[in-house]
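So this one's structure37.cif, mmCIF, C-alpha atoms and all ligand atoms:
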data_structure
loop_
_atom_site.label_atom_id
_atom_site.label_comp_id
_atom_site.auth_asym_id
_atom_site.auth_seq_id
_atom_site.Cartn_x
_atom_site.Cartn_y
_atom_site.Cartn_z
CA MET A 503 115.29 216.23 -138.16
CA ARG A 504 115.02 216.65 -134.37
CA TYR A 505 113.33 213.61 -132.91
CA ILE A 506 112.53 211.75 -129.70
CA GLU A 507 113.68 208.22 -128.84
CA PRO A 508 110.88 207.19 -126.46
CA HIS A 509 112.11 203.71 -125.50
CA ILE A 510 115.80 202.97 -125.11
CA HIS A 511 117.95 201.35 -122.40
CA MET A 512 120.91 203.69 -122.18
CA VAL A 513 122.41 202.10 -119.06
CA SER A 514 123.51 199.34 -121.46
CA ARG A 515 124.91 201.69 -124.12
CA THR A 516 128.19 203.51 -124.55
CA THR A 517 128.93 207.22 -124.71
CA ASP A 518 129.59 206.68 -128.44
CA ASP A 519 125.90 205.77 -128.74
CA TYR A 520 124.92 209.02 -126.98
CA GLN A 521 127.15 210.87 -129.43
CA ARG A 522 125.63 209.15 -132.49
CA LEU A 523 122.07 209.65 -131.19
CA ALA A 524 122.72 213.37 -130.64
CA GLU A 525 124.24 213.68 -134.13
CA SER A 526 121.23 211.92 -135.68
CA GLY A 527 118.83 214.45 -134.10
CA VAL A 528 117.70 212.98 -130.77
CA VAL A 529 116.78 215.76 -128.31
CA ALA A 530 114.94 213.70 -125.68
CA MET A 531 114.67 210.05 -124.72
CA THR A 532 112.78 207.95 -122.20
CA GLU A 533 114.21 204.84 -120.57
CA PRO A 534 111.84 202.26 -119.05
CA ALA A 535 113.10 200.06 -116.21
CA PHE A 536 113.59 196.52 -117.48
CA TRP A 537 115.53 193.24 -117.18
CA ALA A 538 119.31 193.59 -116.88
CA GLY A 539 120.04 190.35 -118.75
CA PHE A 540 120.28 188.50 -115.43
CA ASP A 541 117.93 188.19 -112.44
CA ARG A 542 118.68 190.54 -109.54
CA CYS A 543 118.61 188.79 -106.19
CA SER A 544 117.28 191.51 -103.88
CA ALA A 545 115.29 194.72 -103.74
CA ASP A 546 118.59 196.52 -103.06
CA GLY A 547 119.73 195.57 -106.56
CA PHE A 548 116.63 197.30 -107.95
CA SER A 549 117.15 200.29 -105.71
CA ASP A 550 120.62 200.84 -107.19
CA TYR A 551 119.23 200.43 -110.71
CA PHE A 552 116.43 202.94 -110.02
CA ARG A 553 119.00 205.44 -108.72
CA GLN A 554 120.99 204.94 -111.89
CA LEU A 555 117.86 205.67 -113.98
CA THR A 556 116.71 208.70 -112.00
CA VAL A 557 120.03 210.34 -111.05
CA TYR A 558 123.03 209.16 -113.02
CA GLU A 559 121.69 208.56 -116.54
CA PRO A 560 120.06 212.04 -116.90
CA ARG A 561 123.45 213.59 -116.09
CA ARG A 562 125.16 211.40 -118.64
CA ALA A 563 122.64 212.41 -121.34
CA THR A 564 122.91 216.12 -120.57
CA VAL A 565 126.55 216.11 -121.69
CA PHE A 566 125.24 215.34 -125.20
CA GLY A 567 122.41 217.89 -125.08
CA ILE A 568 119.76 215.18 -124.66
CA ALA A 569 116.96 215.31 -122.06
CA HIS A 570 116.66 211.92 -120.35
CA TYR A 571 113.45 210.69 -118.67
CA CYS A 572 112.61 207.28 -117.21
CA TRP A 573 109.83 204.90 -116.13
CA ILE A 574 110.12 202.77 -112.98
CA CYS A 575 108.82 199.25 -112.17
CA LEU A 576 109.74 195.61 -111.71
CA ASN A 577 109.87 194.13 -115.23
CA PRO A 578 107.80 191.02 -116.12
CA LYS A 579 110.85 188.77 -116.61
CA GLU A 580 111.62 189.05 -112.90
CA ALA A 581 108.02 188.75 -111.73
CA GLU A 582 108.09 185.01 -110.94
CA ASP A 583 109.48 185.56 -107.42
CA LEU A 584 106.40 187.05 -105.73
CA ALA A 585 108.20 187.84 -102.46
CA LEU A 586 110.85 189.84 -104.33
CA ALA A 587 108.14 191.53 -106.40
CA LYS A 588 106.40 192.66 -103.21
CA ASP A 589 109.64 194.14 -101.84
CA VAL A 590 110.39 195.95 -105.11
CA LEU A 591 106.86 197.30 -105.44
CA SER A 592 107.20 198.82 -101.98
CA ILE A 593 110.14 201.01 -103.11
CA VAL A 594 108.79 201.94 -106.56
CA PRO A 595 106.71 204.93 -105.29
CA ASP A 596 109.88 206.63 -103.92
CA TYR A 597 111.38 206.67 -107.41
CA LEU A 598 108.15 207.63 -109.19
CA ARG A 599 108.52 210.98 -107.40
CA ALA A 600 111.83 211.72 -109.16
CA PRO A 601 111.64 214.89 -111.28
CA THR A 602 112.47 212.97 -114.49
CA CYS A 603 110.30 209.88 -113.87
CA LEU A 604 107.22 209.88 -116.13
CA GLY A 605 105.34 206.87 -114.79
CA VAL A 606 105.19 203.10 -114.29
CA GLY A 607 106.99 200.98 -116.92
CA GLU A 608 107.84 198.83 -118.69
CA ILE A 609 105.33 196.52 -117.05
CA GLY A 610 103.39 193.80 -118.83
CA LEU A 611 103.86 190.15 -119.65
CA ASN A 612 106.72 188.02 -120.95
CA LYS A 613 105.56 184.39 -120.95
CA ASN A 614 101.96 185.16 -119.92
CA SER A 615 102.37 183.22 -116.66
CA ARG A 616 100.05 183.43 -113.66
CA ASN A 617 102.66 185.18 -111.49
CA GLU A 618 103.49 187.69 -114.22
CA LEU A 619 99.80 188.53 -114.50
CA GLN A 620 99.50 188.98 -110.74
CA VAL A 621 102.50 191.35 -110.62
CA PHE A 622 101.19 193.22 -113.67
CA GLU A 623 97.84 193.75 -111.92
CA ALA A 624 99.65 195.04 -108.81
CA HIS A 625 101.52 197.60 -110.92
CA VAL A 626 98.31 198.72 -112.63
CA GLN A 627 96.73 199.21 -109.20
CA LEU A 628 99.77 201.22 -108.06
CA ALA A 629 99.58 203.40 -111.18
CA ALA A 630 95.86 203.98 -110.58
CA ASP A 631 96.41 204.82 -106.90
CA LEU A 632 99.18 207.31 -107.70
CA ASN A 633 97.61 208.66 -110.93
CA GLN A 634 100.62 207.58 -113.00
CA MET A 635 100.98 207.11 -116.73
CA ILE A 636 101.89 203.56 -117.90
CA LEU A 637 104.30 202.11 -120.47
CA ILE A 638 103.67 198.45 -121.33
CA HIS A 639 105.91 195.69 -122.71
CA THR A 640 104.16 192.99 -124.75
CA PRO A 641 105.58 189.46 -125.15
CA HIS A 642 107.62 188.35 -128.12
CA LEU A 643 106.59 186.31 -131.17
CA GLU A 644 104.10 183.51 -130.51
CA ASP A 645 103.09 184.85 -127.07
CA LYS A 646 102.38 188.37 -128.33
CA TYR A 647 98.75 188.20 -129.43
CA LYS A 648 97.52 186.32 -126.36
CA GLY A 649 99.61 188.51 -124.03
CA THR A 650 98.32 191.70 -125.60
CA ARG A 651 94.73 190.51 -125.15
CA LEU A 652 95.36 189.63 -121.48
CA ILE A 653 96.95 193.04 -120.88
CA ILE A 654 94.04 194.88 -122.50
CA ASP A 655 91.55 192.86 -120.42
CA VAL A 656 93.27 193.86 -117.16
CA LEU A 657 93.40 197.54 -118.16
CA GLN A 658 89.80 197.62 -119.33
CA ASN A 659 88.55 196.02 -116.14
CA HIS A 660 90.17 198.80 -114.11
CA SER A 661 87.82 201.78 -113.96
CA ALA A 662 90.56 204.24 -112.93
CA ILE A 663 92.76 203.59 -115.98
CA ASP A 664 92.46 206.13 -118.81
CA PRO A 665 93.63 204.42 -122.05
CA THR A 666 94.94 207.70 -123.49
CA ARG A 667 97.58 207.73 -120.69
CA VAL A 668 98.78 204.18 -121.48
CA ILE A 669 101.16 203.14 -124.28
CA ILE A 670 101.29 199.47 -125.25
CA ASP A 671 104.67 198.87 -126.85
CA HIS A 672 106.22 196.38 -129.30
CA VAL A 673 103.04 196.14 -131.41
CA GLU A 674 103.18 194.37 -134.77
CA GLU A 675 100.77 193.94 -137.68
CA HIS A 676 98.47 191.59 -135.74
CA THR A 677 98.35 193.59 -132.48
CA ALA A 678 98.44 197.27 -133.56
CA PRO A 679 94.71 197.42 -134.52
CA LEU A 680 93.77 195.66 -131.25
CA VAL A 681 95.62 198.27 -129.17
CA LEU A 682 94.47 201.31 -131.15
CA ASP A 683 90.82 200.20 -131.39
CA HIS A 684 90.65 200.04 -127.58
CA GLY A 685 91.80 203.65 -127.29
CA PHE A 686 95.39 203.02 -126.13
CA TRP A 687 98.56 204.44 -127.63
CA ALA A 688 100.71 201.97 -129.57
CA GLY A 689 104.51 201.75 -129.74
CA MET A 690 106.41 200.04 -132.55
CA THR A 691 109.89 198.71 -131.87
CA LEU A 692 112.41 198.49 -134.69
CA TYR A 693 114.78 195.59 -134.12
CA PRO A 694 117.43 194.04 -136.36
CA GLN A 695 116.23 190.49 -135.59
CA THR A 696 112.87 189.94 -133.88
CA LYS A 697 110.23 192.68 -133.88
CA CYS A 698 109.65 195.20 -136.67
CA THR A 699 111.88 196.47 -139.49
CA PRO A 700 111.65 200.09 -140.76
CA ALA A 701 109.89 198.81 -143.92
CA ARG A 702 107.26 196.91 -141.89
CA ALA A 703 106.76 199.97 -139.66
CA VAL A 704 105.94 202.09 -142.71
CA ASP A 705 103.51 199.38 -143.89
CA ILE A 706 101.76 199.40 -140.49
CA LEU A 707 101.49 203.22 -140.47
CA GLU A 708 100.04 203.14 -143.99
CA THR A 709 97.34 200.70 -142.88
CA CYS A 710 96.66 201.82 -139.27
CA GLY A 711 97.14 205.58 -139.66
CA THR A 712 99.42 207.88 -137.69
CA ASP A 713 97.32 208.75 -134.64
CA ARG A 714 98.36 207.55 -131.16
CA ILE A 715 101.45 205.72 -132.40
CA TRP A 716 105.20 206.15 -131.90
CA LEU A 717 108.41 204.40 -132.88
CA ASN A 718 111.42 203.35 -130.86
CA SER A 719 114.58 201.26 -131.02
CA ALA A 720 114.29 199.68 -127.55
CA ALA A 721 118.07 199.31 -127.86
CA ASP A 722 119.50 197.46 -124.88
CA TRP A 723 122.37 195.08 -123.96
CA GLY A 724 121.46 192.64 -126.77
CA VAL A 725 121.69 192.87 -130.55
CA SER A 726 119.81 196.09 -131.25
CA ASP A 727 120.24 199.38 -133.10
CA PRO A 728 120.05 202.71 -131.25
CA LEU A 729 119.74 204.53 -134.60
CA ALA A 730 116.73 202.49 -135.78
CA VAL A 731 114.36 205.49 -135.60
CA ALA A 732 116.73 207.51 -137.82
CA LYS A 733 116.71 204.61 -140.30
CA PHE A 734 112.90 204.59 -140.26
CA GLN A 735 112.98 208.26 -141.27
CA LEU A 736 115.07 207.42 -144.35
CA GLU A 737 112.79 204.50 -145.26
CA ALA A 738 109.61 206.62 -144.93
CA ARG A 739 111.07 209.30 -147.20
CA ARG A 740 112.24 206.67 -149.70
CA ARG A 741 108.64 205.45 -149.84
CA GLY A 742 107.49 208.97 -150.75
CA HIS A 743 106.19 210.20 -147.39
CA ALA A 744 106.51 213.93 -146.66
CA ASP A 745 108.53 215.45 -143.82
CA ALA A 746 105.24 216.24 -142.02
CA PHE A 747 104.39 212.52 -141.88
CA VAL A 748 107.81 211.63 -140.47
CA HIS A 749 107.81 214.54 -138.01
CA LYS A 750 104.42 213.54 -136.63
CA ILE A 751 105.61 210.00 -135.86
CA VAL A 752 109.06 210.74 -134.45
CA PHE A 753 108.44 214.06 -132.69
CA GLU A 754 104.85 215.35 -132.43
CA ASN A 755 103.27 212.08 -131.28
CA PRO A 756 105.82 211.35 -128.52
CA VAL A 757 105.48 214.96 -127.33
CA ARG A 758 101.68 214.65 -127.27
CA PHE A 759 101.76 211.41 -125.27
CA LEU A 760 104.63 212.21 -122.91
CA GLY A 761 103.45 215.81 -122.46
CA GLN A 762 100.42 214.51 -120.56
CA ASN A 763 102.88 214.37 -117.68
CA PRO A 764 103.87 217.96 -116.80
CA LYS A 765 107.35 216.74 -115.84
CA PHE A 766 108.07 216.22 -119.53
CA GLN A 767 109.37 219.40 -121.12
CA VAL A 768 109.82 219.68 -124.87
CA PRO A 769 113.48 220.55 -125.44
CA ALA A 770 113.95 224.08 -126.86
ZN ZN B 801 112.46 197.89 -123.26
#

Rewrite the structure of this file - the entire thing - as structure tokens.
Ligand SMILES: [Zn+2]
Amino acid sequence: MRYIEPHIHMVSRTTDDYQRLAESGVVAMTEPAFWAGFDRCSADGFSDYFRQLTVYEPRRATVFGIAHYCWICLNPKEAEDLALAKDVLSIVPDYLRAPTCLGVGEIGLNKNSRNELQVFEAHVQLAADLNQMILIHTPHLEDKYKGTRLIIDVLQNHSAIDPTRVIIDHVEEHTAPLVLDHGFWAGMTLYPQTKCTPARAVDILETCGTDRIWLNSAADWGVSDPLAVAKFQLEARRRGHADAFVHKIVFENPVRFLGQNPKFQVPA
């Protein structure tokens, strides 16, 4: 089945991964800007990374017949240095104009600190000012519920933010209803260790429904599985779900959300 991988960090993956993703049916992917596994020490480091996301990675994907899009921001893990955050935020608008950039992301919270919240609010303001869509990272494990609540509070207090143009990612059983009930889109991340398994993702879809929700691998430089969305498809079928159910989650829903930005073209 043709499908979309809406959250993956391909700068950390090999060409073999591109090959396997193409063979498993991926026709388009989106790559949010995030933490590189180490803290960058200047805005120039981010500038190079943003060029990689907007110029180099789309070319690399094209070789495998995959359309590559991105999201640009300073990620929450590097938000503690407020002076650096200010410098990076000043260059973000240049990259948002790239023909394959779909919006601001992945912004959000990591440890729910005061500085992270301040930098998150600055990104939300930037997205509002420039009428950008938003992709949001929620914290891991014990920080997730509180962080998700804080994020929703900030978004709801901003009159210019339309929840249907915001996806809140890495939801689990205890945060999916919170996100969906407030009108946002929800993303589920399938991870071998922390986060969701394919079986839990099917459980969540069976209880929360299939509207405004997508699935991704969020594969990056750590232990992760770029083919997690393909494995979800097998699990959903094993549980007796029809092709239409699977297709809605892995193709139609991402197209509906991403297609709100006219830069996103559904691959032929
Ligand atoms: Zn990510």

task: Write out as a ChimeraX atom specification each polymer residue whose atoms come within 9 Å of Asp713 of chain A, counting all atoms listed in the file; drop sequence neighbours fewer than 3 positions from it.
output: /A:682,687,710,716,750-751,755

As a check of understanding: the span from atom CA of Cys603 of chain A to atom CA of Ile653 of chain A is 22.6 Å

Counting all atoms listed in the file, which protein, DNA or RNA residues come within 10 Å of ligand ZN 801 (chain B), given as a compact mmCIF listing (two decimals) with C-alpha atoms, in the frame of the given file?
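part.txt written:
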# COMPACT_ATOMS: atom_id res chain seq x y z
CA PRO A 508 110.88 207.19 -126.46
CA HIS A 509 112.11 203.71 -125.50
CA ILE A 510 115.80 202.97 -125.11
CA HIS A 511 117.95 201.35 -122.40
CA GLU A 533 114.21 204.84 -120.57
CA PRO A 534 111.84 202.26 -119.05
CA ALA A 535 113.10 200.06 -116.21
CA PHE A 536 113.59 196.52 -117.48
CA TRP A 537 115.53 193.24 -117.18
CA ASN A 577 109.87 194.13 -115.23
CA GLY A 607 106.99 200.98 -116.92
CA GLU A 608 107.84 198.83 -118.69
CA ILE A 609 105.33 196.52 -117.05
CA LEU A 637 104.30 202.11 -120.47
CA ILE A 638 103.67 198.45 -121.33
CA HIS A 639 105.91 195.69 -122.71
CA THR A 640 104.16 192.99 -124.75
CA ASP A 671 104.67 198.87 -126.85
CA HIS A 672 106.22 196.38 -129.30
CA THR A 691 109.89 198.71 -131.87
CA ASN A 718 111.42 203.35 -130.86
CA SER A 719 114.58 201.26 -131.02
CA ALA A 720 114.29 199.68 -127.55
CA ALA A 721 118.07 199.31 -127.86
CA ASP A 722 119.50 197.46 -124.88

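Our summary of the geometry notes that atom CA of Val731 of chain A is positioned 13.7 Å from atom CA of Phe747 of chain A.
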
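Shortest atom-to-atom contact with Ala587 of chain A among A:Ala563, A:Val557, A:Ala624, A:Val748: A:Ala624, counting only C-alpha atoms.
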
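In this model, the gap between atom CA of Arg553 of chain A and atom CA of Ser514 of chain A comes to 14.8 Å.
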
Q) Is there a way to get, as a ChimeraX atom specification, all residues within 9 Å of the point (107.7, 184.3, -110.5) in file coordinates, counting all atoms listed in the file? A) /A:578-587,615-618,621

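When only C-alpha atoms are used to compute distances to Asn612 of chain A, the closest of the residues A:Gly527, A:Pro756, A:Gly649, A:Pro595 turns out to be A:Gly649.
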
*asked:* Could you list, as a VMD selection string, every residue within 12 Å of Tyr558 of chain A, counting all atoms listed in the file and ignoring same-chain residues fewer than 4 positions away?
replied: chain A and resid 512 to 513 550 to 554 562 to 565 570 to 572 602

Review point. What's the 8 Å shell around Ala629 of chain A, counting all atoms listed in the file, without same-chain residues fewer than 5 positions away, as an MDAnalysis selection string?
Key: chainID A and resid 605:606 634:636

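Nearest-residue note for Pro700 of chain A: choosing from A:Asp727, A:Asp518, A:Glu737, A:Glu675, the minimum distance belongs to A:Glu737, counting only C-alpha atoms.
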
Leu760 of chain A proximity check over A:Thr516, A:Thr556, A:Thr666, A:Asn633, using only C-alpha atoms: winner is A:Thr666
